[in-house]
$ cat target-v6.cif   # mmCIF, C-alpha atoms and all ligand atoms
data_target
loop_
_atom_site.group_PDB
_atom_site.id
_atom_site.type_symbol
_atom_site.label_atom_id
_atom_site.label_comp_id
_atom_site.auth_asym_id
_atom_site.auth_seq_id
_atom_site.Cartn_x
_atom_site.Cartn_y
_atom_site.Cartn_z
ATOM 1 C CA MET A 1 -36.271 8.400 13.005
ATOM 2 C CA VAL A 2 -35.045 11.671 11.558
ATOM 3 C CA ALA A 3 -31.385 12.227 12.331
ATOM 4 C CA SER A 4 -30.595 15.455 14.044
ATOM 5 C CA HIS A 5 -28.513 17.880 12.070
ATOM 6 C CA ASP A 6 -27.247 21.388 12.578
ATOM 7 C CA VAL A 7 -29.382 23.892 10.773
ATOM 8 C CA VAL A 8 -27.115 25.740 8.391
ATOM 9 C CA ASP A 9 -28.583 28.250 5.993
ATOM 10 C CA LEU A 10 -28.101 27.194 2.397
ATOM 11 C CA THR A 11 -26.099 29.561 0.246
ATOM 12 C CA VAL A 12 -27.593 30.349 -3.141
ATOM 13 C CA ARG A 13 -24.584 31.092 -5.342
ATOM 14 C CA ARG A 14 -25.203 33.018 -8.533
ATOM 15 C CA MET A 15 -22.673 31.680 -11.013
ATOM 16 C CA ASN A 16 -21.160 32.775 -14.271
ATOM 17 C CA PHE A 17 -19.728 29.920 -16.324
ATOM 18 C CA GLY A 18 -19.613 31.695 -19.668
ATOM 19 C CA PHE A 19 -20.727 28.725 -21.736
ATOM 20 C CA ASN A 20 -21.939 30.911 -24.547
ATOM 21 C CA GLU A 21 -18.584 32.617 -24.924
ATOM 22 C CA ALA A 22 -16.246 29.695 -25.355
ATOM 23 C CA PRO A 23 -17.837 26.544 -26.783
ATOM 24 C CA THR A 24 -15.759 23.449 -26.162
ATOM 25 C CA SER A 25 -13.959 22.226 -29.248
ATOM 26 C CA ASP A 26 -14.123 18.559 -28.301
ATOM 27 C CA LYS A 27 -17.546 17.047 -28.981
ATOM 28 C CA TYR A 28 -16.774 13.997 -26.830
ATOM 29 C CA PHE A 29 -15.887 16.053 -23.802
ATOM 30 C CA ALA A 30 -16.442 13.251 -21.281
ATOM 31 C CA ASP A 31 -13.431 10.938 -21.233
ATOM 32 C CA GLY A 32 -13.316 11.076 -25.052
ATOM 33 C CA SER A 33 -16.249 8.641 -24.997
ATOM 34 C CA MET A 34 -19.164 9.115 -27.357
ATOM 35 C CA VAL A 35 -21.513 7.175 -25.056
ATOM 36 C CA PHE A 36 -20.469 8.914 -21.843
ATOM 37 C CA SER A 37 -20.639 12.357 -23.497
ATOM 38 C CA HIS A 38 -24.171 11.722 -24.817
ATOM 39 C CA LEU A 39 -25.171 10.516 -21.336
ATOM 40 C CA VAL A 40 -23.839 13.671 -19.645
ATOM 41 C CA ALA A 41 -25.623 15.770 -22.289
ATOM 42 C CA ILE A 42 -28.897 13.938 -21.535
ATOM 43 C CA LEU A 43 -28.469 14.494 -17.812
ATOM 44 C CA SER A 44 -27.823 18.169 -18.409
ATOM 45 C CA ALA A 45 -30.916 18.318 -20.645
ATOM 46 C CA ILE A 46 -33.230 16.759 -18.084
ATOM 47 C CA PHE A 47 -31.929 18.750 -15.109
ATOM 48 C CA PRO A 48 -33.775 22.061 -15.770
ATOM 49 C CA PRO A 49 -37.297 20.597 -16.216
ATOM 50 C CA GLY A 50 -36.558 17.927 -13.563
ATOM 51 C CA GLU A 51 -35.469 20.514 -11.027
ATOM 52 C CA GLU A 52 -38.581 22.557 -11.796
ATOM 53 C CA ILE A 53 -40.609 19.479 -10.790
ATOM 54 C CA PHE A 54 -38.626 19.268 -7.508
ATOM 55 C CA VAL A 55 -39.233 22.959 -6.803
ATOM 56 C CA ARG A 56 -42.980 22.794 -7.494
ATOM 57 C CA SER A 57 -43.378 19.586 -5.452
ATOM 58 C CA VAL A 58 -41.769 21.165 -2.396
ATOM 59 C CA ARG A 59 -43.058 24.730 -2.775
ATOM 60 C CA ARG A 60 -46.648 23.452 -3.011
ATOM 61 C CA TYR A 61 -46.459 22.603 0.702
ATOM 62 C CA SER A 62 -44.403 25.533 1.954
ATOM 63 C CA ASP A 63 -47.426 27.243 3.560
ATOM 64 C CA GLN A 64 -48.118 24.102 5.603
ATOM 65 C CA LEU A 65 -44.647 24.030 7.160
ATOM 66 C CA THR A 66 -44.618 25.289 10.711
ATOM 67 C CA ASP A 67 -40.909 24.857 11.495
ATOM 68 C CA PRO A 68 -39.157 28.176 10.655
ATOM 69 C CA ASP A 69 -35.799 26.411 10.116
ATOM 70 C CA LEU A 70 -37.341 24.091 7.566
ATOM 71 C CA ARG A 71 -39.049 27.020 5.832
ATOM 72 C CA ARG A 72 -35.674 28.765 5.502
ATOM 73 C CA ARG A 73 -34.049 25.608 4.191
ATOM 74 C CA VAL A 74 -36.868 25.228 1.663
ATOM 75 C CA ALA A 75 -36.224 28.778 0.445
ATOM 76 C CA GLY A 76 -32.512 27.907 0.064
ATOM 77 C CA PHE A 77 -33.357 24.633 -1.691
ATOM 78 C CA ILE A 78 -35.602 26.429 -4.189
ATOM 79 C CA GLY A 79 -32.942 29.095 -4.809
ATOM 80 C CA GLN A 80 -30.225 26.491 -5.414
ATOM 81 C CA GLU A 81 -32.348 24.297 -7.703
ATOM 82 C CA LYS A 82 -33.543 27.262 -9.753
ATOM 83 C CA THR A 83 -29.943 28.406 -10.222
ATOM 84 C CA HIS A 84 -28.899 24.904 -11.302
ATOM 85 C CA GLY A 85 -31.650 24.881 -13.919
ATOM 86 C CA ARG A 86 -30.578 28.283 -15.243
ATOM 87 C CA GLN A 87 -26.913 27.282 -15.571
ATOM 88 C CA HIS A 88 -27.703 23.926 -17.166
ATOM 89 C CA ARG A 89 -29.915 25.737 -19.705
ATOM 90 C CA GLU A 90 -26.873 27.801 -20.725
ATOM 91 C CA LEU A 91 -24.758 24.671 -21.049
ATOM 92 C CA ASN A 92 -27.604 22.999 -22.961
ATOM 93 C CA GLU A 93 -27.520 25.755 -25.571
ATOM 94 C CA GLN A 94 -23.860 25.018 -26.086
ATOM 95 C CA LEU A 95 -24.558 21.274 -26.251
ATOM 96 C CA THR A 96 -27.305 21.876 -28.824
ATOM 97 C CA ALA A 97 -24.807 23.853 -30.915
ATOM 98 C CA MET A 98 -22.437 20.871 -30.640
ATOM 99 C CA GLY A 99 -25.132 18.600 -32.118
ATOM 100 C CA TYR A 100 -26.666 17.001 -29.007
ATOM 101 C CA PRO A 101 -30.490 16.646 -29.025
ATOM 102 C CA THR A 102 -30.741 18.447 -25.703
ATOM 103 C CA ALA A 103 -33.863 20.400 -26.647
ATOM 104 C CA TRP A 104 -35.818 17.173 -27.299
ATOM 105 C CA PHE A 105 -35.263 15.841 -23.805
ATOM 106 C CA GLU A 106 -36.191 19.173 -22.257
ATOM 107 C CA TYR A 107 -39.351 19.321 -24.383
ATOM 108 C CA LEU A 108 -40.480 15.813 -23.400
ATOM 109 C CA LEU A 109 -40.122 16.466 -19.667
ATOM 110 C CA GLU A 110 -41.794 19.836 -19.858
ATOM 111 C CA SER A 111 -45.109 18.056 -20.544
ATOM 112 C CA THR A 112 -45.386 17.327 -16.798
ATOM 113 C CA GLU A 113 -45.016 21.068 -16.173
ATOM 114 C CA ARG A 114 -48.173 21.764 -18.174
ATOM 115 C CA LEU A 115 -50.113 19.139 -16.189
ATOM 116 C CA GLU A 116 -48.858 20.367 -12.801
ATOM 117 C CA LYS A 117 -49.472 24.031 -13.578
ATOM 118 C CA PHE A 118 -53.006 23.227 -14.680
ATOM 119 C CA LEU A 119 -53.697 21.246 -11.500
ATOM 120 C CA ASP A 120 -52.160 23.926 -9.260
ATOM 121 C CA LYS A 121 -54.355 26.552 -10.896
ATOM 122 C CA GLN A 122 -57.520 24.494 -10.881
ATOM 123 C CA TYR A 123 -56.992 22.982 -7.407
ATOM 124 C CA PRO A 124 -54.690 25.346 -5.486
ATOM 125 C CA ASP A 125 -55.209 23.547 -2.166
ATOM 126 C CA PRO A 126 -52.359 20.972 -1.973
ATOM 127 C CA ASP A 127 -54.621 18.691 0.044
ATOM 128 C CA ARG A 128 -56.819 18.202 -3.000
ATOM 129 C CA LEU A 129 -55.760 15.217 -5.142
ATOM 130 C CA PRO A 130 -53.370 14.179 -2.341
ATOM 131 C CA ARG A 131 -52.202 10.935 -3.930
ATOM 132 C CA LEU A 132 -51.109 12.655 -7.096
ATOM 133 C CA ARG A 133 -49.395 15.470 -5.201
ATOM 134 C CA HIS A 134 -47.711 12.957 -2.894
ATOM 135 C CA LEU A 135 -46.527 11.091 -5.959
ATOM 136 C CA PHE A 136 -44.669 14.198 -7.154
ATOM 137 C CA LEU A 137 -43.146 14.799 -3.723
ATOM 138 C CA GLY A 138 -42.160 11.119 -3.411
ATOM 139 C CA PHE A 139 -40.540 11.282 -6.845
ATOM 140 C CA THR A 140 -38.626 14.390 -5.771
ATOM 141 C CA VAL A 141 -37.372 12.789 -2.574
ATOM 142 C CA ALA A 142 -36.199 9.631 -4.385
ATOM 143 C CA ALA A 143 -34.604 11.674 -7.179
ATOM 144 C CA GLU A 144 -32.826 13.843 -4.607
ATOM 145 C CA HIS A 145 -31.308 10.742 -3.053
ATOM 146 C CA PHE A 146 -30.312 9.450 -6.496
ATOM 147 C CA THR A 147 -28.670 12.822 -7.196
ATOM 148 C CA ALA A 148 -26.962 12.965 -3.794
ATOM 149 C CA VAL A 149 -25.374 9.534 -4.327
ATOM 150 C CA TRP A 150 -24.175 10.678 -7.726
ATOM 151 C CA ALA A 151 -22.865 13.927 -6.311
ATOM 152 C CA GLU A 152 -20.930 12.070 -3.638
ATOM 153 C CA ASN A 153 -19.365 9.816 -6.252
ATOM 154 C CA ILE A 154 -18.412 12.763 -8.460
ATOM 155 C CA LEU A 155 -16.790 14.672 -5.607
ATOM 156 C CA LYS A 156 -15.012 11.873 -3.815
ATOM 157 C CA ARG A 157 -13.523 10.017 -6.767
ATOM 158 C CA PRO A 158 -10.510 11.634 -8.470
ATOM 159 C CA ALA A 159 -10.999 9.139 -11.333
ATOM 160 C CA VAL A 160 -14.367 10.735 -12.154
ATOM 161 C CA GLN A 161 -12.836 14.215 -11.976
ATOM 162 C CA ALA A 162 -10.138 13.164 -14.424
ATOM 163 C CA MET A 163 -12.772 12.032 -16.935
ATOM 164 C CA MET A 164 -14.185 15.515 -17.386
ATOM 165 C CA TYR A 165 -11.913 16.945 -20.060
ATOM 166 C CA ASP A 166 -13.781 20.195 -20.422
ATOM 167 C CA GLN A 167 -12.814 22.483 -17.559
ATOM 168 C CA GLU A 168 -16.009 24.516 -17.528
ATOM 169 C CA ILE A 169 -18.324 21.488 -17.694
ATOM 170 C CA ARG A 170 -16.322 19.968 -14.830
ATOM 171 C CA ASN A 171 -16.721 23.224 -12.869
ATOM 172 C CA LEU A 172 -20.469 23.218 -13.421
ATOM 173 C CA LEU A 173 -20.821 19.575 -12.364
ATOM 174 C CA ASN A 174 -18.701 20.085 -9.244
ATOM 175 C CA TRP A 175 -20.653 23.162 -8.154
ATOM 176 C CA HIS A 176 -23.945 21.380 -8.807
ATOM 177 C CA ALA A 177 -22.793 18.238 -6.987
ATOM 178 C CA LEU A 178 -21.682 20.274 -3.967
ATOM 179 C CA GLU A 179 -25.051 22.007 -3.649
ATOM 180 C CA GLU A 180 -26.922 18.717 -4.105
ATOM 181 C CA LEU A 181 -25.112 17.428 -1.033
ATOM 182 C CA GLU A 182 -25.710 20.679 0.860
ATOM 183 C CA HIS A 183 -29.494 20.429 0.415
ATOM 184 C CA LYS A 184 -29.885 16.644 0.236
ATOM 185 C CA SER A 185 -32.251 16.382 3.222
ATOM 186 C CA VAL A 186 -34.570 19.354 2.568
ATOM 187 C CA ALA A 187 -37.180 17.663 0.355
ATOM 188 C CA PHE A 188 -37.030 14.630 2.645
ATOM 189 C CA ASP A 189 -37.805 16.739 5.725
ATOM 190 C CA VAL A 190 -40.735 18.354 3.909
ATOM 191 C CA TYR A 191 -41.994 14.884 2.988
ATOM 192 C CA ARG A 192 -41.875 13.809 6.635
ATOM 193 C CA ALA A 193 -43.407 17.073 7.870
ATOM 194 C CA ILE A 194 -46.365 16.645 5.513
ATOM 195 C CA GLY A 195 -46.763 13.030 6.627
ATOM 196 C CA VAL A 196 -46.698 11.344 3.229
ATOM 197 C CA PRO A 197 -46.694 7.538 3.601
ATOM 198 C CA GLU A 198 -43.170 6.081 3.460
ATOM 199 C CA SER A 199 -44.334 3.550 0.855
ATOM 200 C CA THR A 200 -44.636 6.252 -1.844
ATOM 201 C CA ARG A 201 -40.966 7.279 -1.778
ATOM 202 C CA ILE A 202 -39.835 3.656 -1.377
ATOM 203 C CA ARG A 203 -41.790 2.591 -4.464
ATOM 204 C CA TRP A 204 -40.188 5.377 -6.474
ATOM 205 C CA MET A 205 -36.748 4.285 -5.341
ATOM 206 C CA ARG A 206 -37.428 0.683 -6.342
ATOM 207 C CA PHE A 207 -38.427 1.979 -9.756
ATOM 208 C CA ALA A 208 -35.240 4.097 -9.969
ATOM 209 C CA GLN A 209 -33.077 1.155 -8.837
ATOM 210 C CA ASN A 210 -34.561 -1.196 -11.412
ATOM 211 C CA CYS A 211 -35.156 1.137 -14.318
ATOM 212 C CA GLY A 212 -32.976 4.251 -13.822
ATOM 213 C CA ILE A 213 -29.788 3.037 -15.473
ATOM 214 C CA PRO A 214 -31.509 0.985 -18.267
ATOM 215 C CA ILE A 215 -33.619 4.043 -19.184
ATOM 216 C CA LEU A 216 -30.529 6.267 -19.276
ATOM 217 C CA VAL A 217 -28.694 3.755 -21.506
ATOM 218 C CA LEU A 218 -31.700 3.535 -23.822
ATOM 219 C CA PHE A 219 -31.923 7.329 -24.087
ATOM 220 C CA THR A 220 -28.179 7.508 -24.743
ATOM 221 C CA TRP A 221 -28.453 5.064 -27.644
ATOM 222 C CA LEU A 222 -31.484 6.943 -28.969
ATOM 223 C CA SER A 223 -29.551 10.188 -28.743
ATOM 224 C CA ILE A 224 -26.641 8.712 -30.737
ATOM 225 C CA ALA A 225 -28.886 6.932 -33.267
ATOM 226 C CA THR A 226 -30.878 10.044 -34.080
ATOM 227 C CA THR A 227 -28.183 12.726 -34.112
ATOM 228 C CA ASP A 228 -24.673 11.324 -34.320
ATOM 229 C CA VAL A 229 -23.595 10.280 -37.809
ATOM 230 C CA GLU A 230 -20.205 9.169 -36.514
ATOM 231 C CA GLY A 231 -21.917 7.006 -33.881
ATOM 232 C CA ARG A 232 -24.268 5.353 -36.365
ATOM 233 C CA ARG A 233 -21.261 4.167 -38.337
ATOM 234 C CA GLN A 234 -19.622 2.565 -35.288
ATOM 235 C CA PRO A 235 -22.077 0.231 -33.501
ATOM 236 C CA LEU A 236 -19.232 -1.804 -32.002
ATOM 237 C CA ARG A 237 -17.671 1.316 -30.496
ATOM 238 C CA ILE A 238 -21.035 2.176 -28.957
ATOM 239 C CA LEU A 239 -21.368 -1.271 -27.390
ATOM 240 C CA LYS A 240 -17.812 -1.179 -26.077
ATOM 241 C CA GLU A 241 -18.204 2.310 -24.657
ATOM 242 C CA THR A 242 -21.554 1.383 -23.095
ATOM 243 C CA VAL A 243 -19.858 -1.432 -21.165
ATOM 244 C CA GLN A 244 -17.033 0.950 -20.181
ATOM 245 C CA MET A 245 -19.555 3.585 -19.115
ATOM 246 C CA LEU A 246 -21.373 1.098 -16.888
ATOM 247 C CA ARG A 247 -18.054 0.228 -15.248
ATOM 248 C CA ASN A 248 -17.302 3.902 -14.802
ATOM 249 C CA PRO A 249 -16.327 4.825 -11.201
ATOM 250 C CA MET A 250 -19.269 7.249 -11.230
ATOM 251 C CA TRP A 251 -21.547 4.234 -10.682
ATOM 252 C CA LYS A 252 -19.338 2.515 -8.125
ATOM 253 C CA GLY A 253 -21.374 1.348 -5.155
ATOM 254 C CA PHE A 254 -24.451 2.921 -6.705
ATOM 255 C CA TYR A 255 -26.877 0.098 -5.992
ATOM 256 C CA SER A 256 -25.661 -0.481 -2.465
ATOM 257 C CA ASP A 257 -25.917 3.276 -1.745
ATOM 258 C CA MET A 258 -29.521 3.277 -2.969
ATOM 259 C CA ARG A 259 -30.573 0.433 -0.718
ATOM 260 C CA PRO A 260 -30.738 2.231 2.688
ATOM 261 C CA PHE A 261 -33.320 4.603 1.220
ATOM 262 C CA THR A 262 -35.832 1.763 1.084
ATOM 263 C CA ARG A 263 -35.725 1.409 4.892
ATOM 264 C CA ARG A 264 -38.658 3.074 6.621
ATOM 265 C CA ASP A 265 -36.416 4.778 9.190
ATOM 266 C CA PHE A 266 -33.986 6.138 6.601
ATOM 267 C CA HIS A 267 -32.913 9.782 6.667
ATOM 268 C CA PRO A 268 -30.389 11.327 4.206
ATOM 269 C CA ASP A 269 -28.251 12.654 7.086
ATOM 270 C CA GLN A 270 -27.504 9.082 8.124
ATOM 271 C CA ILE A 271 -24.981 9.146 5.258
ATOM 272 C CA ASP A 272 -22.275 11.435 6.546
ATOM 273 C CA THR A 273 -21.043 13.737 3.818
ATOM 274 C CA ALA A 274 -20.261 16.740 6.054
ATOM 275 C CA GLU A 275 -16.486 16.482 5.647
ATOM 276 C CA LEU A 276 -16.705 16.057 1.878
ATOM 277 C CA VAL A 277 -18.987 19.101 1.652
ATOM 278 C CA ALA A 278 -16.708 21.237 3.846
ATOM 279 C CA ARG A 279 -13.651 20.277 1.785
ATOM 280 C CA TRP A 280 -15.323 21.148 -1.546
ATOM 281 C CA GLN A 281 -16.789 24.371 -0.154
ATOM 282 C CA ARG A 282 -13.203 25.389 0.631
ATOM 283 C CA GLU A 283 -11.776 24.120 -2.644
ATOM 284 C CA LEU A 284 -14.387 25.786 -4.818
ATOM 285 C CA PHE A 285 -15.438 28.866 -2.881
ATOM 286 C CA GLY A 286 -12.768 29.521 -0.244
ATOM 287 C CA ALA A 287 -10.536 32.610 -0.466
ATOM 288 C CA GLU A 288 -8.387 30.890 -3.118
ATOM 289 C CA GLY A 289 -11.260 28.744 -4.352
ATOM 290 C CA GLN A 290 -11.257 27.461 -7.934
ATOM 291 C CA LEU A 291 -14.680 28.971 -8.597
ATOM 292 C CA ALA A 292 -14.491 32.090 -6.446
ATOM 293 C CA GLY A 293 -14.036 34.089 -9.651
ATOM 294 C CA HIS A 294 -17.152 32.525 -11.157
ATOM 295 C CA LEU A 295 -19.435 34.033 -8.537
ATOM 296 C CA LYS A 296 -21.581 36.897 -9.772
HETATM 297 FE FE FE B 1 -29.880 20.531 -8.600
HETATM 298 FE FE FE B 2 -31.376 18.782 -5.543
#
$ encode --input "target-v6.cif" --output "structure tokens"
Amino acid sequence: MVASHDVVDLTVRRMNFGFNEAPTSDKYFADGSMVFSHLVAILSAIFPPGEEIFVRSVRRYSDQLTDPDLRRRVAGFIGQEKTHGRQHRELNEQLTAMGYPTAWFEYLLESTERLEKFLDKQYPDPDRLPRLRHLFLGFTVAAEHFTAVWAENILKRPAVQAMMYDQEIRNLLNWHALEELEHKSVAFDVYRAIGVPESTRIRWMRFAQNCGIPILVLFTWLSIATTDVEGRRQPLRILKETVQMLRNPMWKGFYSDMRPFTRRDFHPDQIDTAELVARWQRELFGAEGQLAGHLK
């Protein structure tokens, strides 16, 4: 069953990364790899519309939540995700200026926004069309676990830190990763409180396990093929870097970390990341924290 955890209010940190002021000079900012850099750009592109989906999926049920602690955590979750979207949009403008097709990926995902907004207007009661609404919440819960595993890998592996050449992009990813771990169980607790069948989230995770990485690789190649003249001239480099990217420590243990989620009694707090979170809270936002000066 649900693991007990201390209720700690989530901090919504307003950040100032200044992406518009100092564009990075190195196009292949991630480990000097064309493939890895396009992948990070794609992830940054899909975060804002993706996080909007998470926010809508959870907020839709906020009036049905009776636990005041959970309601407060939901408010914190929404605040954090909205801030992530805003900061990634700023980075995405810089990435667009560097030649990445960031706007395309944002545009494609925003089509779900139109559908959801129409449904929410036409059928404001979240108990109408329950299967469809549960599908969005199940997607959010699975994606949050996917993101939390990623975040843990980014924060606990110095090798991944060393790959991020661009200081400000590394700062953004570290801040985002930290907050993903801070709020990793909120959507899950909403899911349980609403009583959505466990099978919905488990099916989404199976899809993510089987198709997540192949889809990302496909999008990365598409991104290079359509916008990167240098990449089109070097198919062998792309293949080599794709293999290197898949062996990247960012993915280490990824599949095994996904597996517990498919258990019916899984809860995100069963994976103990409290120490990692406390350490990065100190390192980034303590008195001498690396990002204390980035707070607005
Ligand atoms: Fe986020
Ligand atoms: Fe999140």
$ resolve_selection --input "target-v6.cif" --expression "the PyMOL selection byres (((chain A and resi 191-205) around 6) and not hetatm)" --output "list of chain:residue names"
A:Gly138, A:Phe139, A:Ala142, A:Phe188, A:Asp189, A:Val190, A:Arg206, A:Phe207, A:Ala208, A:Gln209, A:Thr262
$ resolve_selection --input "target-v6.cif" --expression "the PyMOL selection byres (((chain A and resi 54) around 10) and not hetatm)" --output "NGL selection string"
:A and (48-53 or 55-59 or 77-78 or 81-82 or 136-141 or 143-144 or 187)
$ residues_near_ligand --input "target-v6.cif" --ligand "ligand FE 1 (chain B)" --cutoff "8 Å" --atoms "only C-alpha atoms and all ligand atoms" --output "ChimeraX atom specification"
/A:47,51,80-82,84-85,147,176-177,179-180
$ atom_distance --input "target-v6.cif" --atom1 "CA of Gly231 in chain A" --atom2 "CA of Ser33 in chain A"
10.7 Å
$ atom_distance --input "target-v6.cif" --atom1 "CA of Arg263 in chain A" --atom2 "CA of Ser185 in chain A"
15.5 Å
$ residues_around --input "target-v6.cif" --residues "range 254-257 of chain A" --least-positions-apart "5" --cutoff "9 Å" --atoms "only C-alpha atoms" --output "list in words"
Phe146, Val149, Trp150, Asn153 and Gln209 of chain A
$ build_atoms --input "target-v6.cif" --residues "range 199-224 of chain A" --atoms "N, CA and C atoms" --output "tab-separated table (two decimals), keeping the file's coordinate frame"
chain	number	residue	atom	x	y	z
A	199	SER	N	-44.28	4.48	2.00
A	199	SER	CA	-44.33	3.55	0.86
A	199	SER	C	-44.21	4.29	-0.48
A	200	THR	N	-44.67	5.54	-0.55
A	200	THR	CA	-44.64	6.25	-1.84
A	200	THR	C	-43.19	6.48	-2.30
A	201	ARG	N	-42.37	7.01	-1.39
A	201	ARG	CA	-40.97	7.28	-1.78
A	201	ARG	C	-40.20	5.97	-2.02
A	202	ILE	N	-40.55	4.93	-1.24
A	202	ILE	CA	-39.84	3.66	-1.38
A	202	ILE	C	-40.16	3.02	-2.73
A	203	ARG	N	-41.42	3.14	-3.15
A	203	ARG	CA	-41.79	2.59	-4.46
A	203	ARG	C	-41.06	3.31	-5.58
A	204	TRP	N	-40.93	4.63	-5.46
A	204	TRP	CA	-40.19	5.38	-6.47
A	204	TRP	C	-38.73	4.92	-6.53
A	205	MET	N	-38.15	4.70	-5.35
A	205	MET	CA	-36.75	4.28	-5.34
A	205	MET	C	-36.58	2.91	-5.98
A	206	ARG	N	-37.52	2.01	-5.72
A	206	ARG	CA	-37.43	0.68	-6.34
A	206	ARG	C	-37.47	0.83	-7.86
A	207	PHE	N	-38.33	1.74	-8.31
A	207	PHE	CA	-38.43	1.98	-9.76
A	207	PHE	C	-37.08	2.52	-10.27
A	208	ALA	N	-36.52	3.50	-9.54
A	208	ALA	CA	-35.24	4.10	-9.97
A	208	ALA	C	-34.12	3.05	-9.96
A	209	GLN	N	-34.12	2.19	-8.93
A	209	GLN	CA	-33.08	1.16	-8.84
A	209	GLN	C	-33.16	0.19	-10.02
A	210	ASN	N	-34.39	-0.19	-10.37
A	210	ASN	CA	-34.56	-1.20	-11.41
A	210	ASN	C	-34.49	-0.61	-12.81
A	211	CYS	N	-35.00	0.61	-12.95
A	211	CYS	CA	-35.16	1.14	-14.32
A	211	CYS	C	-34.28	2.34	-14.63
A	212	GLY	N	-33.72	3.01	-13.60
A	212	GLY	CA	-32.98	4.25	-13.82
A	212	GLY	C	-31.85	4.11	-14.84
A	213	ILE	N	-30.95	3.17	-14.58
A	213	ILE	CA	-29.79	3.04	-15.47
A	213	ILE	C	-30.20	2.48	-16.85
A	214	PRO	N	-31.07	1.43	-16.93
A	214	PRO	CA	-31.51	0.98	-18.27
A	214	PRO	C	-32.17	2.11	-19.08
A	215	ILE	N	-32.97	2.94	-18.44
A	215	ILE	CA	-33.62	4.04	-19.18
A	215	ILE	C	-32.56	5.02	-19.70
A	216	LEU	N	-31.57	5.33	-18.84
A	216	LEU	CA	-30.53	6.27	-19.28
A	216	LEU	C	-29.73	5.70	-20.45
A	217	VAL	N	-29.44	4.39	-20.40
A	217	VAL	CA	-28.69	3.76	-21.51
A	217	VAL	C	-29.53	3.81	-22.79
A	218	LEU	N	-30.81	3.51	-22.66
A	218	LEU	CA	-31.70	3.54	-23.82
A	218	LEU	C	-31.75	4.93	-24.44
A	219	PHE	N	-31.89	5.95	-23.60
A	219	PHE	CA	-31.92	7.33	-24.09
A	219	PHE	C	-30.59	7.70	-24.74
A	220	THR	N	-29.50	7.20	-24.17
A	220	THR	CA	-28.18	7.51	-24.74
A	220	THR	C	-28.08	6.93	-26.15
A	221	TRP	N	-28.51	5.69	-26.31
A	221	TRP	CA	-28.45	5.06	-27.64
A	221	TRP	C	-29.36	5.81	-28.62
A	222	LEU	N	-30.54	6.20	-28.14
A	222	LEU	CA	-31.48	6.94	-28.97
A	222	LEU	C	-30.87	8.26	-29.41
A	223	SER	N	-30.19	8.91	-28.46
A	223	SER	CA	-29.55	10.19	-28.74
A	223	SER	C	-28.49	10.02	-29.83
A	224	ILE	N	-27.70	8.95	-29.73
A	224	ILE	CA	-26.64	8.71	-30.74
A	224	ILE	C	-27.28	8.34	-32.07
